[in-house]
Amino acid sequence: MGDPLTAPAWRPAGGRRGRRPGRQAAALRLWACAAVAAAAVLAVLIVPPLVRLDQQAVDLSARLLPPSPAHPFGTDDLGRDLLLRCIHGLRVSLLTGVVAGLAATVVGTAVGAAAAALGGWTDRLAMRVVDGFASVPPLLLGVFAVALFRPGVWPVVVSVALTHWLSTARIVRAEVLSLKGRPFVDAAVSGGASRWRVTVRHLVPGVLPQAGLAAVLMVPHAVWHESALSFLGLGLPAHQASLGGLIQAGRGSLLAGAWWPTLFPGLFLIVPTLAVAGLAAAWRERLDPRRRSELIP
């Protein structure tokens, strides 16, 4: 037994006690992200039915009022309550993001799984299609897709879904190719299982965790994409509240010294999406424990 005075100086720092502050900080970040995401979901589900105020009601006598107890976020250039408008805008953006994220995940999972399972010319053709879509900037492709329809929620959902399935297809394809070399797949093929049965019973269930993670990661991207289209005036109609439209409408008020019509919609856009991204990062760390050293010091 060695002398305690000559014990390596680095052992306590690398031990269990040395890593506890990092784990506590990671747990605190996770709970903070979960609390913000839960608050955002509860706000968009509870506030609009409970508050019997019309978020489109115009009151020119109360235009551009600063934040106050009566209007916590102030009012916009038409006298509408900005807090209520932000909650309605977040509701539309989250709905668009979730639906578009799920649609993009379904399309990407189907394309990636089919390409890897079938192989051969099907795999090569599917990857060339993915490369072709990836060569076009997503926002430009989204603008082209939205321009084909009248402004509304569903054209934006279709636009986001068409431009965000590529990464999911590549991830699912790589995961399926990895699973095809596993012993249980070889055993199923040797037992006489058809290619369809192997794909449905073994390959697709194996990629569902990665596909679910891709769907969660897709939500912030879809929300930002919808906000960018609305900011450019190509997303939702002008009378319908959306975070991108609120930010675009508040730009003119900055010259008059009114900062709140731009600040609060921007916070409603940034904070919930960062919270969802934080939850997705924690999920990814659980799926791949090797990333623990990168996320927790």
# chains A, B, ... in the order shown; residues from 1 in each chain; ligands from 1
call {"tool": "closest_atom_pairs", "arguments": {"of": "range 74-131 of chain A", "to": "range 26-47 of chain A", "cutoff": "12 Å", "atoms": "only C-alpha atoms", "output": "JSON lines"}}
result
{"residue": "A:Leu83", "atom": "CA", "partner": "A:Val47", "partner_atom": "CA", "distance": 10.4}
{"residue": "A:Leu84", "atom": "CA", "partner": "A:Val47", "partner_atom": "CA", "distance": 8.3}
{"residue": "A:Arg85", "atom": "CA", "partner": "A:Val44", "partner_atom": "CA", "distance": 10.9}
{"residue": "A:Cys86", "atom": "CA", "partner": "A:Val44", "partner_atom": "CA", "distance": 9.6}
{"residue": "A:Ile87", "atom": "CA", "partner": "A:Val44", "partner_atom": "CA", "distance": 5.9}
{"residue": "A:His88", "atom": "CA", "partner": "A:Val44", "partner_atom": "CA", "distance": 6.8}
{"residue": "A:Gly89", "atom": "CA", "partner": "A:Val44", "partner_atom": "CA", "distance": 8.9}
{"residue": "A:Leu90", "atom": "CA", "partner": "A:Val44", "partner_atom": "CA", "distance": 6.9}
{"residue": "A:Arg91", "atom": "CA", "partner": "A:Val44", "partner_atom": "CA", "distance": 5.1}
{"residue": "A:Val92", "atom": "CA", "partner": "A:Val44", "partner_atom": "CA", "distance": 8.8}
{"residue": "A:Ser93", "atom": "CA", "partner": "A:Val44", "partner_atom": "CA", "distance": 10.2}
{"residue": "A:Leu94", "atom": "CA", "partner": "A:Val41", "partner_atom": "CA", "distance": 8.5}
{"residue": "A:Leu95", "atom": "CA", "partner": "A:Val44", "partner_atom": "CA", "distance": 9.7}
{"residue": "A:Val98", "atom": "CA", "partner": "A:Val41", "partner_atom": "CA", "distance": 11.7}
call {"tool": "write_last_selection", "arguments": {"atoms": "N, CA and C atoms", "output": "mmCIF file, in the first residue's frame"}}
result
data_model
loop_
_atom_site.group_PDB
_atom_site.id
_atom_site.type_symbol
_atom_site.label_atom_id
_atom_site.label_comp_id
_atom_site.auth_asym_id
_atom_site.auth_seq_id
_atom_site.Cartn_x
_atom_site.Cartn_y
_atom_site.Cartn_z
ATOM 1 N N LEU A 83 -48.386 40.679 -25.704
ATOM 2 C CA LEU A 83 -48.248 39.381 -25.032
ATOM 3 C C LEU A 83 -49.198 38.357 -25.638
ATOM 4 N N LEU A 84 -50.447 38.761 -25.827
ATOM 5 C CA LEU A 84 -51.415 37.846 -26.424
ATOM 6 C C LEU A 84 -51.041 37.512 -27.861
ATOM 7 N N ARG A 85 -50.545 38.505 -28.592
ATOM 8 C CA ARG A 85 -50.120 38.253 -29.965
ATOM 9 C C ARG A 85 -48.928 37.299 -30.016
ATOM 10 N N CYS A 86 -47.998 37.444 -29.079
ATOM 11 C CA CYS A 86 -46.834 36.549 -29.046
ATOM 12 C C CYS A 86 -47.250 35.115 -28.728
ATOM 13 N N ILE A 87 -48.198 34.954 -27.812
ATOM 14 C CA ILE A 87 -48.644 33.598 -27.478
ATOM 15 C C ILE A 87 -49.353 32.960 -28.668
ATOM 16 N N HIS A 88 -50.188 33.719 -29.351
ATOM 17 C CA HIS A 88 -50.834 33.185 -30.552
ATOM 18 C C HIS A 88 -49.796 32.894 -31.636
ATOM 19 N N GLY A 89 -48.805 33.766 -31.782
ATOM 20 C CA GLY A 89 -47.763 33.504 -32.764
ATOM 21 C C GLY A 89 -46.947 32.269 -32.425
ATOM 22 N N LEU A 90 -46.622 32.085 -31.140
ATOM 23 C CA LEU A 90 -45.906 30.882 -30.722
ATOM 24 C C LEU A 90 -46.752 29.640 -30.957
ATOM 25 N N ARG A 91 -48.046 29.766 -30.752
ATOM 26 C CA ARG A 91 -48.935 28.628 -30.992
ATOM 27 C C ARG A 91 -48.893 28.197 -32.449
ATOM 28 N N VAL A 92 -48.977 29.154 -33.348
ATOM 29 C CA VAL A 92 -48.940 28.834 -34.776
ATOM 30 C C VAL A 92 -47.568 28.281 -35.163
ATOM 31 N N SER A 93 -46.499 28.881 -34.638
ATOM 32 C CA SER A 93 -45.157 28.434 -34.998
ATOM 33 C C SER A 93 -44.877 27.031 -34.478
ATOM 34 N N LEU A 94 -45.290 26.735 -33.247
ATOM 35 C CA LEU A 94 -45.078 25.387 -32.701
ATOM 36 C C LEU A 94 -45.904 24.353 -33.450
ATOM 37 N N LEU A 95 -47.150 24.696 -33.773
ATOM 38 C CA LEU A 95 -47.983 23.769 -34.540
ATOM 39 C C LEU A 95 -47.352 23.479 -35.896
ATOM 40 N N VAL A 98 -44.066 21.339 -35.309
ATOM 41 C CA VAL A 98 -44.283 19.937 -34.937
ATOM 42 C C VAL A 98 -44.813 19.133 -36.118
#
call {"tool": "residues_around", "arguments": {"residues": "Thr168 in chain A", "least_positions_apart": "6", "cutoff": "8 Å", "atoms": "only C-alpha atoms", "output": "ChimeraX atom specification"}}
result
/A:104-105,108-109,112,211,214
call {"tool": "atom_distance", "arguments": {"atom1": "CA of Ala282 in chain A", "atom2": "CA of Leu203 in chain A"}}
result
24.3 Å
call {"tool": "closest_residue", "arguments": {"among": "A:Val276, A:Leu232, A:Leu177, A:Val143", "to": "Ala113 in chain A", "atoms": "only C-alpha atoms"}}
result
A:Leu177
call {"tool": "atom_distance", "arguments": {"atom1": "CA of Ser167 in chain A", "atom2": "CA of Gly266 in chain A"}}
result
26.7 Å
call {"tool": "select_by_dssp", "arguments": {"residues": "range 117-190 of chain A", "states": "alpha helix (DSSP H)", "output": "ChimeraX atom specification"}}
result
/A:117-118,120-134,138-147,153-163,166-180,183-190
call {"tool": "closest_residue", "arguments": {"among": "A:Leu217, A:Val157, A:Ala147, A:Ala117", "to": "Gly181 in chain A", "atoms": "only C-alpha atoms"}}
result
A:Ala117
call {"tool": "residues_around", "arguments": {"residues": "Ser230 in chain A", "least_positions_apart": "5", "cutoff": "8 Å", "atoms": "only C-alpha atoms", "output": "number ranges by chain"}}
result
A: 235-236, 242-245
call {"tool": "closest_residue", "arguments": {"among": "A:Val223, A:Leu102, A:Met218, A:Ala249", "to": "Ala280 in chain A", "atoms": "only C-alpha atoms"}}
result
A:Met218
call {"tool": "decode", "arguments": {"residues": "range 138-150 of chain A", "atoms": "all heavy atoms", "output": "PDB file, in the first residue's frame"}}
result
ATOM      1  N   PRO A 138     -32.080  25.579 -48.648  1.00  0.00           N
ATOM      2  CA  PRO A 138     -33.417  25.242 -48.135  1.00  0.00           C
ATOM      3  C   PRO A 138     -34.391  26.416 -48.174  1.00  0.00           C
ATOM      4  O   PRO A 138     -35.564  26.227 -48.510  1.00  0.00           O
ATOM      5  CB  PRO A 138     -33.132  24.787 -46.698  1.00  0.00           C
ATOM      6  CG  PRO A 138     -31.706  24.366 -46.694  1.00  0.00           C
ATOM      7  CD  PRO A 138     -31.022  25.257 -47.680  1.00  0.00           C
ATOM      8  N   LEU A 139     -33.918  27.613 -47.840  1.00  0.00           N
ATOM      9  CA  LEU A 139     -34.831  28.758 -47.829  1.00  0.00           C
ATOM     10  C   LEU A 139     -35.311  29.081 -49.238  1.00  0.00           C
ATOM     11  O   LEU A 139     -36.488  29.410 -49.438  1.00  0.00           O
ATOM     12  CB  LEU A 139     -34.138  29.970 -47.210  1.00  0.00           C
ATOM     13  CG  LEU A 139     -35.014  31.212 -47.006  1.00  0.00           C
ATOM     14  CD1 LEU A 139     -36.211  30.884 -46.124  1.00  0.00           C
ATOM     15  CD2 LEU A 139     -34.198  32.347 -46.403  1.00  0.00           C
ATOM     16  N   LEU A 140     -34.419  28.983 -50.231  1.00  0.00           N
ATOM     17  CA  LEU A 140     -34.822  29.248 -51.605  1.00  0.00           C
ATOM     18  C   LEU A 140     -35.839  28.222 -52.081  1.00  0.00           C
ATOM     19  O   LEU A 140     -36.834  28.573 -52.729  1.00  0.00           O
ATOM     20  CB  LEU A 140     -33.587  29.240 -52.509  1.00  0.00           C
ATOM     21  CG  LEU A 140     -33.832  29.499 -53.999  1.00  0.00           C
ATOM     22  CD1 LEU A 140     -34.446  30.871 -54.205  1.00  0.00           C
ATOM     23  CD2 LEU A 140     -32.524  29.378 -54.785  1.00  0.00           C
ATOM     24  N   LEU A 141     -35.609  26.950 -51.756  1.00  0.00           N
ATOM     25  CA  LEU A 141     -36.568  25.915 -52.125  1.00  0.00           C
ATOM     26  C   LEU A 141     -37.888  26.115 -51.399  1.00  0.00           C
ATOM     27  O   LEU A 141     -38.969  25.896 -51.964  1.00  0.00           O
ATOM     28  CB  LEU A 141     -35.979  24.539 -51.804  1.00  0.00           C
ATOM     29  CG  LEU A 141     -36.788  23.321 -52.260  1.00  0.00           C
ATOM     30  CD1 LEU A 141     -36.969  23.335 -53.765  1.00  0.00           C
ATOM     31  CD2 LEU A 141     -36.093  22.033 -51.824  1.00  0.00           C
ATOM     32  N   GLY A 142     -37.817  26.552 -50.132  1.00  0.00           N
ATOM     33  CA  GLY A 142     -39.042  26.816 -49.390  1.00  0.00           C
ATOM     34  C   GLY A 142     -39.826  27.973 -49.971  1.00  0.00           C
ATOM     35  O   GLY A 142     -41.062  27.925 -50.044  1.00  0.00           O
ATOM     36  N   VAL A 143     -39.149  29.019 -50.387  1.00  0.00           N
ATOM     37  CA  VAL A 143     -39.826  30.159 -51.013  1.00  0.00           C
ATOM     38  C   VAL A 143     -40.520  29.719 -52.299  1.00  0.00           C
ATOM     39  O   VAL A 143     -41.659  30.114 -52.580  1.00  0.00           O
ATOM     40  CB  VAL A 143     -38.814  31.282 -51.294  1.00  0.00           C
ATOM     41  CG1 VAL A 143     -39.423  32.356 -52.181  1.00  0.00           C
ATOM     42  CG2 VAL A 143     -38.332  31.897 -49.984  1.00  0.00           C
ATOM     43  N   PHE A 144     -39.849  28.874 -53.074  1.00  0.00           N
ATOM     44  CA  PHE A 144     -40.453  28.388 -54.324  1.00  0.00           C
ATOM     45  C   PHE A 144     -41.692  27.547 -54.044  1.00  0.00           C
ATOM     46  O   PHE A 144     -42.711  27.676 -54.723  1.00  0.00           O
ATOM     47  CB  PHE A 144     -39.424  27.562 -55.100  1.00  0.00           C
ATOM     48  CG  PHE A 144     -39.978  26.915 -56.336  1.00  0.00           C
ATOM     49  CD1 PHE A 144     -40.214  27.653 -57.478  1.00  0.00           C
ATOM     50  CD2 PHE A 144     -40.270  25.555 -56.342  1.00  0.00           C
ATOM     51  CE1 PHE A 144     -40.736  27.058 -58.624  1.00  0.00           C
ATOM     52  CE2 PHE A 144     -40.789  24.950 -57.477  1.00  0.00           C
ATOM     53  CZ  PHE A 144     -41.022  25.698 -58.616  1.00  0.00           C
ATOM     54  N   ALA A 145     -41.620  26.688 -53.001  1.00  0.00           N
ATOM     55  CA  ALA A 145     -42.772  25.840 -52.685  1.00  0.00           C
ATOM     56  C   ALA A 145     -43.945  26.660 -52.178  1.00  0.00           C
ATOM     57  O   ALA A 145     -45.107  26.409 -52.537  1.00  0.00           O
ATOM     58  CB  ALA A 145     -42.369  24.780 -51.653  1.00  0.00           C
ATOM     59  N   VAL A 146     -43.672  27.664 -51.324  1.00  0.00           N
ATOM     60  CA  VAL A 146     -44.759  28.489 -50.781  1.00  0.00           C
ATOM     61  C   VAL A 146     -45.384  29.352 -51.866  1.00  0.00           C
ATOM     62  O   VAL A 146     -46.595  29.616 -51.849  1.00  0.00           O
ATOM     63  CB  VAL A 146     -44.224  29.349 -49.624  1.00  0.00           C
ATOM     64  CG1 VAL A 146     -45.244  30.390 -49.199  1.00  0.00           C
ATOM     65  CG2 VAL A 146     -43.869  28.473 -48.433  1.00  0.00           C
ATOM     66  N   ALA A 147     -44.578  29.796 -52.823  1.00  0.00           N
ATOM     67  CA  ALA A 147     -45.090  30.672 -53.877  1.00  0.00           C
ATOM     68  C   ALA A 147     -46.105  29.980 -54.772  1.00  0.00           C
ATOM     69  O   ALA A 147     -46.867  30.655 -55.481  1.00  0.00           O
ATOM     70  CB  ALA A 147     -43.936  31.205 -54.718  1.00  0.00           C
ATOM     71  N   LEU A 148     -46.156  28.660 -54.746  1.00  0.00           N
ATOM     72  CA  LEU A 148     -47.111  27.936 -55.582  1.00  0.00           C
ATOM     73  C   LEU A 148     -48.517  27.925 -55.005  1.00  0.00           C
ATOM     74  O   LEU A 148     -49.469  27.553 -55.703  1.00  0.00           O
ATOM     75  CB  LEU A 148     -46.640  26.488 -55.778  1.00  0.00           C
ATOM     76  CG  LEU A 148     -45.293  26.297 -56.480  1.00  0.00           C
ATOM     77  CD1 LEU A 148     -44.939  24.819 -56.536  1.00  0.00           C
ATOM     78  CD2 LEU A 148     -45.331  26.889 -57.885  1.00  0.00           C
ATOM     79  N   PHE A 149     -48.682  28.309 -53.743  1.00  0.00           N
ATOM     80  CA  PHE A 149     -49.979  28.246 -53.076  1.00  0.00           C
ATOM     81  C   PHE A 149     -50.330  29.614 -52.483  1.00  0.00           C
ATOM     82  O   PHE A 149     -49.495  30.509 -52.424  1.00  0.00           O
ATOM     83  CB  PHE A 149     -49.967  27.190 -51.955  1.00  0.00           C
ATOM     84  CG  PHE A 149     -49.524  25.831 -52.411  1.00  0.00           C
ATOM     85  CD1 PHE A 149     -48.191  25.436 -52.283  1.00  0.00           C
ATOM     86  CD2 PHE A 149     -50.424  24.936 -52.965  1.00  0.00           C
ATOM     87  CE1 PHE A 149     -47.773  24.191 -52.687  1.00  0.00           C
ATOM     88  CE2 PHE A 149     -50.019  23.681 -53.375  1.00  0.00           C
ATOM     89  CZ  PHE A 149     -48.690  23.311 -53.235  1.00  0.00           C
ATOM     90  N   ARG A 150     -51.560  29.716 -52.019  1.00  0.00           N
ATOM     91  CA  ARG A 150     -51.972  30.907 -51.301  1.00  0.00           C
ATOM     92  C   ARG A 150     -51.374  30.884 -49.906  1.00  0.00           C
ATOM     93  O   ARG A 150     -51.128  29.816 -49.338  1.00  0.00           O
ATOM     94  CB  ARG A 150     -53.500  30.965 -51.219  1.00  0.00           C
ATOM     95  CG  ARG A 150     -54.188  31.070 -52.568  1.00  0.00           C
ATOM     96  CD  ARG A 150     -55.693  31.102 -52.405  1.00  0.00           C
ATOM     97  NE  ARG A 150     -56.116  32.251 -51.603  1.00  0.00           N
ATOM     98  CZ  ARG A 150     -57.371  32.478 -51.257  1.00  0.00           C
ATOM     99  NH1 ARG A 150     -58.330  31.623 -51.627  1.00  0.00           N
ATOM    100  NH2 ARG A 150     -57.685  33.546 -50.534  1.00  0.00           N
TER     101      ARG A 150
END
